[in-house]
file upload.cif (mmCIF, C-alpha atoms)
data_model
loop_
_atom_site.label_atom_id
_atom_site.label_comp_id
_atom_site.auth_asym_id
_atom_site.auth_seq_id
_atom_site.Cartn_x
_atom_site.Cartn_y
_atom_site.Cartn_z
CA MET A 1 49.32 38.83 143.00
CA SER A 2 46.45 39.20 140.56
CA ASN A 3 43.75 36.55 140.69
CA LEU A 4 42.24 35.60 137.35
CA ASP A 5 40.69 32.29 138.37
CA GLY A 6 37.70 31.55 136.14
CA LYS A 7 38.45 34.45 133.80
CA VAL A 8 38.87 34.10 130.03
CA ILE A 9 41.10 36.59 128.25
CA VAL A 10 41.62 36.98 124.49
CA VAL A 11 45.12 37.98 123.36
CA THR A 12 45.44 38.91 119.70
CA GLY A 13 48.94 38.34 118.38
CA GLY A 14 49.38 36.15 121.44
CA ASN A 15 51.61 33.62 119.75
CA GLY A 16 54.93 35.40 120.31
CA GLY A 17 56.81 38.35 121.76
CA ILE A 18 54.96 40.66 124.12
CA GLY A 19 51.62 39.02 123.29
CA LEU A 20 52.79 35.62 124.46
CA ALA A 21 54.30 37.15 127.59
CA LEU A 22 50.95 38.79 128.38
CA ALA A 23 49.25 35.43 127.86
CA GLU A 24 51.74 33.72 130.17
CA GLY A 25 51.09 36.28 132.89
CA ILE A 26 47.35 35.76 132.59
CA ALA A 27 47.82 32.00 132.76
CA ALA A 28 50.11 32.26 135.80
CA ALA A 29 47.36 34.22 137.58
CA GLY A 30 44.87 31.41 136.92
CA GLY A 31 43.18 32.73 133.79
CA SER A 32 42.30 30.90 130.59
CA VAL A 33 43.67 32.30 127.34
CA ALA A 34 42.33 32.47 123.79
CA VAL A 35 45.34 33.01 121.52
CA TRP A 36 44.45 34.72 118.25
CA GLY A 37 46.98 34.94 115.44
CA ARG A 38 47.37 34.50 111.70
CA ASN A 39 50.03 31.78 111.91
CA ALA A 40 48.43 28.46 112.90
CA GLU A 41 51.77 26.80 113.68
CA LYS A 42 52.89 29.62 115.98
CA ASN A 43 49.44 29.65 117.62
CA GLU A 44 49.67 25.96 118.47
CA ALA A 45 53.21 26.31 119.80
CA ALA A 46 52.08 29.13 122.08
CA VAL A 47 49.10 27.12 123.31
CA ASP A 48 51.33 24.09 123.98
CA ARG A 49 53.57 26.31 126.09
CA LEU A 50 50.63 27.70 128.05
CA VAL A 51 49.04 24.29 128.59
CA ALA A 52 52.37 22.90 129.76
CA SER A 53 52.31 25.51 132.53
CA GLY A 54 48.94 24.17 133.68
CA ALA A 55 46.67 26.72 132.02
CA ARG A 56 43.71 26.24 129.75
CA ALA A 57 44.39 27.78 126.36
CA GLU A 58 43.03 27.47 122.84
CA ALA A 59 44.30 28.77 119.50
CA PHE A 60 42.26 30.59 116.87
CA VAL A 61 43.48 31.61 113.43
CA CYS A 62 42.33 35.16 112.72
CA ASP A 63 43.34 38.16 110.64
CA VAL A 64 42.19 41.08 112.79
CA SER A 65 42.00 43.40 109.78
CA SER A 66 39.02 41.35 108.50
CA GLU A 67 35.70 42.25 110.11
CA ALA A 68 34.16 38.93 109.10
CA GLU A 69 37.04 36.94 110.60
CA VAL A 70 36.98 38.93 113.85
CA ILE A 71 33.25 38.38 114.32
CA GLU A 72 33.50 34.68 113.46
CA THR A 73 36.52 34.15 115.72
CA MET A 74 34.85 35.89 118.63
CA ASP A 75 31.82 33.64 118.18
CA ARG A 76 34.09 30.57 118.14
CA THR A 77 35.90 31.79 121.24
CA ILE A 78 32.64 32.23 123.14
CA ALA A 79 31.46 28.82 121.96
CA GLU A 80 34.68 27.23 123.22
CA PHE A 81 35.00 28.98 126.58
CA GLY A 82 31.40 30.02 127.28
CA ARG A 83 32.37 33.64 127.96
CA ILE A 84 35.16 36.21 127.85
CA ASP A 85 36.27 38.60 130.54
CA GLY A 86 38.77 40.72 128.69
CA LEU A 87 40.86 41.29 125.61
CA PHE A 88 44.37 42.47 124.81
CA ALA A 89 44.40 43.99 121.32
CA ASN A 90 48.07 43.27 120.75
CA ALA A 91 48.32 42.16 117.10
CA GLY A 92 50.39 44.67 115.17
CA HIS A 93 52.17 45.36 111.92
CA VAL A 94 55.32 47.48 111.74
CA GLY A 95 55.10 48.20 108.00
CA VAL A 96 57.95 49.45 105.84
CA SER A 97 60.66 51.78 107.04
CA ARG A 98 60.61 54.54 104.47
CA PRO A 99 60.97 58.35 104.43
CA PHE A 100 57.61 60.09 104.61
CA LEU A 101 58.05 61.73 101.21
CA GLN A 102 58.30 58.29 99.62
CA LEU A 103 55.53 56.57 101.58
CA GLU A 104 52.77 55.11 99.40
CA LEU A 105 49.09 55.20 100.34
CA ASP A 106 48.74 51.42 100.15
CA GLU A 107 51.70 51.04 102.56
CA TRP A 108 50.04 53.49 104.95
CA ARG A 109 46.71 51.67 104.77
CA GLU A 110 48.31 48.25 105.26
CA VAL A 111 49.59 49.34 108.68
CA MET A 112 46.33 51.07 109.64
CA ALA A 113 44.30 47.99 108.68
CA VAL A 114 45.98 45.94 111.40
CA ASN A 115 47.10 48.46 114.01
CA LEU A 116 44.01 50.66 114.06
CA ASP A 117 41.12 48.95 112.26
CA GLY A 118 42.08 45.61 113.83
CA VAL A 119 42.00 47.10 117.32
CA PHE A 120 38.68 48.80 116.64
CA LEU A 121 37.15 45.55 115.41
CA THR A 122 38.43 43.28 118.17
CA MET A 123 37.60 45.72 120.95
CA ARG A 124 34.15 46.38 119.53
CA GLU A 125 33.31 42.68 119.36
CA ALA A 126 34.74 42.04 122.82
CA ALA A 127 32.81 45.00 124.25
CA ARG A 128 29.56 43.74 122.73
CA ARG A 129 30.02 40.37 124.44
CA LEU A 130 30.99 41.97 127.75
CA VAL A 131 27.95 44.24 127.70
CA ASP A 132 25.69 41.26 126.95
CA GLN A 133 27.21 39.31 129.87
CA GLY A 134 26.60 42.26 132.20
CA GLU A 135 29.59 41.60 134.47
CA GLY A 136 32.10 44.18 133.25
CA GLY A 137 35.59 43.35 132.06
CA SER A 138 38.88 44.73 130.79
CA LEU A 139 39.99 45.91 127.35
CA VAL A 140 43.63 46.76 126.67
CA ALA A 141 45.11 48.21 123.49
CA VAL A 142 48.84 47.59 123.10
CA SER A 143 50.19 50.89 121.83
CA SER A 144 53.85 51.96 121.79
CA THR A 145 56.16 54.65 123.10
CA SER A 146 56.24 55.72 119.44
CA ALA A 147 52.99 57.46 120.34
CA ILE A 148 55.06 59.72 122.62
CA HIS A 149 58.41 60.25 120.92
CA GLY A 150 57.36 59.87 117.29
CA ALA A 151 58.58 57.41 114.68
CA ALA A 152 60.30 59.27 111.85
CA GLY A 153 60.77 56.90 108.94
CA ASN A 154 57.94 54.73 110.23
CA ASP A 155 55.18 57.31 110.22
CA ALA A 156 52.24 54.97 109.69
CA TYR A 157 53.22 52.84 112.68
CA GLY A 158 53.72 55.81 115.00
CA THR A 159 50.47 57.40 113.89
CA SER A 160 48.49 54.21 114.36
CA LYS A 161 49.79 53.78 117.89
CA THR A 162 49.01 57.40 118.75
CA ALA A 163 45.46 56.92 117.49
CA LEU A 164 45.00 53.92 119.78
CA ASN A 165 45.47 56.08 122.83
CA GLY A 166 42.68 58.37 121.67
CA LEU A 167 40.41 55.39 121.10
CA VAL A 168 41.18 54.09 124.58
CA ARG A 169 40.25 57.39 126.21
CA SER A 170 36.96 57.53 124.31
CA LEU A 171 36.05 53.95 125.16
CA ALA A 172 37.01 54.38 128.81
CA VAL A 173 34.38 57.11 129.08
CA GLY A 174 31.74 55.40 126.96
CA LEU A 175 32.02 51.93 128.47
CA ALA A 176 32.44 52.88 132.13
CA ARG A 177 28.69 52.57 132.67
CA TYR A 178 29.04 48.87 131.90
CA ALA A 179 31.93 48.40 134.36
CA ILE A 180 34.27 47.81 131.43
CA ARG A 181 37.75 49.23 132.00
CA VAL A 182 39.77 50.35 128.97
CA ASN A 183 43.50 51.07 129.14
CA SER A 184 46.53 51.13 126.88
CA LEU A 185 49.96 49.58 127.35
CA LEU A 186 52.92 51.42 125.83
CA PRO A 187 55.99 49.15 125.66
CA GLY A 188 59.40 50.63 125.03
CA TRP A 189 62.21 48.98 123.08
CA THR A 190 61.71 45.24 123.47
CA ILE A 191 63.58 42.31 121.92
CA THR A 192 60.87 40.85 119.69
CA GLU A 193 60.56 39.58 116.14
CA LEU A 194 58.67 42.76 115.23
CA ALA A 195 61.54 44.97 116.43
CA SER A 196 64.36 42.70 115.27
CA GLY A 197 65.45 45.08 112.51
CA GLY A 198 66.20 47.82 115.02
CA TYR A 199 67.81 45.52 117.57
CA GLU A 200 70.14 43.95 115.02
CA ASN A 201 71.30 47.37 113.81
CA ASP A 202 74.28 48.04 116.08
CA ARG A 203 74.18 51.80 115.66
CA PHE A 204 70.46 52.07 116.33
CA ARG A 205 70.52 49.66 119.28
CA GLU A 206 73.42 51.47 120.93
CA ALA A 207 71.70 54.84 120.45
CA THR A 208 68.49 53.64 122.09
CA VAL A 209 70.34 51.93 124.93
CA ARG A 210 72.27 55.14 125.69
CA ARG A 211 68.98 57.00 125.97
CA THR A 212 67.37 54.35 128.21
CA PRO A 213 68.15 54.84 131.93
CA VAL A 214 68.21 51.09 132.60
CA ARG A 215 70.72 50.78 129.70
CA ARG A 216 69.16 47.87 127.85
CA TRP A 217 66.16 46.72 125.84
CA ALA A 218 63.37 44.81 127.59
CA GLU A 219 62.83 41.08 127.41
CA PRO A 220 59.24 40.09 126.49
CA SER A 221 59.00 38.14 129.76
CA GLU A 222 59.05 41.45 131.64
CA PHE A 223 55.47 42.04 130.48
CA ARG A 224 54.04 38.91 132.09
CA ASP A 225 52.95 40.45 135.38
CA ILE A 226 51.75 43.59 133.63
CA GLY A 227 49.31 41.47 131.61
CA ALA A 228 47.86 39.94 134.74
CA PHE A 229 47.66 43.36 136.40
CA LEU A 230 45.74 44.99 133.57
CA ALA A 231 43.29 42.07 133.36
CA ASP A 232 42.70 41.94 137.12
CA PRO A 233 38.96 42.42 137.84
CA ALA A 234 39.79 43.85 141.27
CA LEU A 235 41.09 47.05 139.66
CA THR A 236 37.63 48.52 139.29
CA TYR A 237 38.76 52.19 139.35
CA HIS A 238 41.62 51.90 136.85
CA THR A 239 40.52 53.04 133.41
CA GLY A 240 41.46 55.44 130.63
CA GLN A 241 45.15 55.23 131.46
CA GLU A 242 48.33 54.85 129.42
CA LEU A 243 50.73 52.47 131.17
CA VAL A 244 54.26 53.16 129.89
CA VAL A 245 56.82 50.38 130.38
CA ASP A 246 60.03 51.56 128.75
CA GLY A 247 62.91 51.52 131.21
CA GLY A 248 62.63 55.31 131.50
CA TYR A 249 63.23 56.00 127.79
CA THR A 250 60.51 58.62 127.36
CA VAL A 251 61.46 60.65 130.45
CA PHE A 252 65.22 60.79 129.89
#

call {"tool": "encode", "arguments": {"input": "upload.cif", "output": "C-alpha cells"}}
result
Amino acid sequence: MSNLDGKVIVVTGGNGGIGLALAEGIAAAGGSVAVWGRNAEKNEAAVDRLVASGARAEAFVCDVSSEAEVIETMDRTIAEFGRIDGLFANAGHVGVSRPFLQLELDEWREVMAVNLDGVFLTMREAARRLVDQGEGGSLVAVSSTSAIHGAAGNDAYGTSKTALNGLVRSLAVGLARYAIRVNSLLPGWTITELASGGYENDRFREATVRRTPVRRWAEPSEFRDIGAFLADPALTYHTGQELVVDGGYTVF
C-alpha cells in the first residue's frame, strides 16, 4: 500500500472520470489533493466526495491551455497547501472526430492547446516548485493507448498523446538530478464522459471489446490504486516509463 501521508498532489481534470479516480486513490493513501478543472460545479462535487472520504481536498478553476491561469492557479495551490509533491497532468480534450483530409487547423490547434500545451505548462510550473522545494517529487502525464495503436479519424488527439510520451522521456532525463520522477500513464478504453461517444456506439464498443483480452472496457475506479502508486515517493528509481493499463488491448 502506497503511503502519501503529508503529500500534496495536483490533479488537472480531477473532477471526473479517470482524473477523479486518480484523486481518490491519492486520498485513500493519505494524500491531500488539489483538483483543477474548468467546471466549478464539477470541481466542488469532486472535492465534496474526497472530503467525505476523510481527505483534505480543495478545488481550483483553471483552463490549462492558458499560461497565465496555470501560473496563477499554481500560486494559489501553494498558498493553500504550503507545498506540492506531485502533479497528474490529466486534463484532456478529445476534439472532433473527422477524416484527416477534412481536419481544419483551428480544430487541430484546439486539441493541442489542452492536450500538449496544457501538459507542458502544468508540468513546467509544478517542476519549478518542486525544484525550489528541493525534496523531489512525481510528475505524471496521462497519455493514451492511442499513442500506440493510432487514432484514425481523431488524428489530433492521437498525435497529442504520442507527443506526451516524448515529453515525459525528456523530462525524466532532465529532472532526475532533482529527484523528480516523470512517467506517463496510458489508459485503454475506459467508460468516461470523454469516451462516451465510442462507448455508446454499439458497433465500435463491440469491436474494441472483442480485441480486448479481458473482454470489457475499464471502469474509472480501476485507476485509483495506480494513481497512488505513481505518486508514491518510495519509488525513487521509477522514471521515464510508460505504464499501459488497457486490459491487454495493445498486445492482442

call {"tool": "residues_around", "arguments": {"input": "upload.cif", "residues": "Gly227 of chain A", "least_positions_apart": "4", "cutoff": "7 Å", "atoms": "all atoms listed in the file", "output": "ChimeraX atom specification"}}
result
/A:22,25-26,223,231

call {"tool": "closest_residue", "arguments": {"input": "upload.cif", "among": "A:Leu130, A:Leu164, A:Ala218, A:Val119", "to": "Gly17 of chain A", "atoms": "all atoms listed in the file"}}
result
A:Ala218

call {"tool": "closest_residue", "arguments": {"input": "upload.cif", "among": "A:Ser221, A:Thr190, A:Asn165, A:Asn183", "to": "His238 of chain A", "atoms": "all atoms listed in the file"}}
result
A:Asn183

call {"tool": "closest_residue", "arguments": {"input": "upload.cif", "among": "A:Val214, A:Cys62, A:Ile71, A:Val96", "to": "Trp189 of chain A", "atoms": "only C-alpha atoms"}}
result
A:Val214

call {"tool": "resolve_selection", "arguments": {"input": "upload.cif", "expression": "the PyMOL selection byres ((chain A and resi 30) around 12)", "output": "ChimeraX atom specification"}}
result
/A:1-9,23-29,31-33,50-51,53-57,228,231-232

call {"tool": "atom_distance", "arguments": {"input": "upload.cif", "atom1": "atom CA of Ala207 of chain A", "atom2": "atom CA of Ser144 of chain A"}}
result
18.1 Å

call {"tool": "atom_distance", "arguments": {"input": "upload.cif", "atom1": "atom CA of Leu230 of chain A", "atom2": "atom CA of Ile84 of chain A"}}
result
14.9 Å

call {"tool": "residues_around", "arguments": {"input": "upload.cif", "residues": "Ala176 of chain A", "least_positions_apart": "4", "cutoff": "12 Å", "atoms": "all atoms listed in the file", "output": "PyMOL selection string"}}
result
chain A and resi 127+130-131+135-139+168-172+180-183+236-240

call {"tool": "resolve_selection", "arguments": {"input": "upload.cif", "expression": "the PyMOL selection byres ((chain A and resi 97-105) around 9)", "output": "list of chain:residue names"}}
result
A:Val94, A:Gly95, A:Val96, A:Asp106, A:Glu107, A:Trp108, A:Arg109, A:Glu110, A:Ala152, A:Gly153, A:Asn154, A:Asp155, A:Ala156

call {"tool": "residues_around", "arguments": {"input": "upload.cif", "residues": "segment 122-125 of chain A", "least_positions_apart": "6", "cutoff": "8 Å", "atoms": "all atoms listed in the file", "output": "MDAnalysis selection string"}}
result
chainID A and resid 64 70:71 74 87 89 139

call {"tool": "closest_residue", "arguments": {"input": "upload.cif", "among": "A:Ala126, A:Val173, A:Val61, A:Val111", "to": "Arg38 of chain A", "atoms": "all atoms listed in the file"}}
result
A:Val61

call {"tool": "closest_residue", "arguments": {"input": "upload.cif", "among": "A:Gln241, A:Gly247, A:Ala195, A:Ile78", "to": "Arg215 of chain A", "atoms": "only C-alpha atoms"}}
result
A:Gly247

call {"tool": "resolve_selection", "arguments": {"input": "upload.cif", "expression": "the PyMOL selection byres ((chain A and resi 35) around 6)", "output": "PyMOL selection string"}}
result
chain A and resi 11+14+34+36+59

call {"tool": "atom_distance", "arguments": {"input": "upload.cif", "atom1": "atom CA of Arg128 of chain A", "atom2": "atom CA of Gly16 of chain A"}}
result
26.8 Å
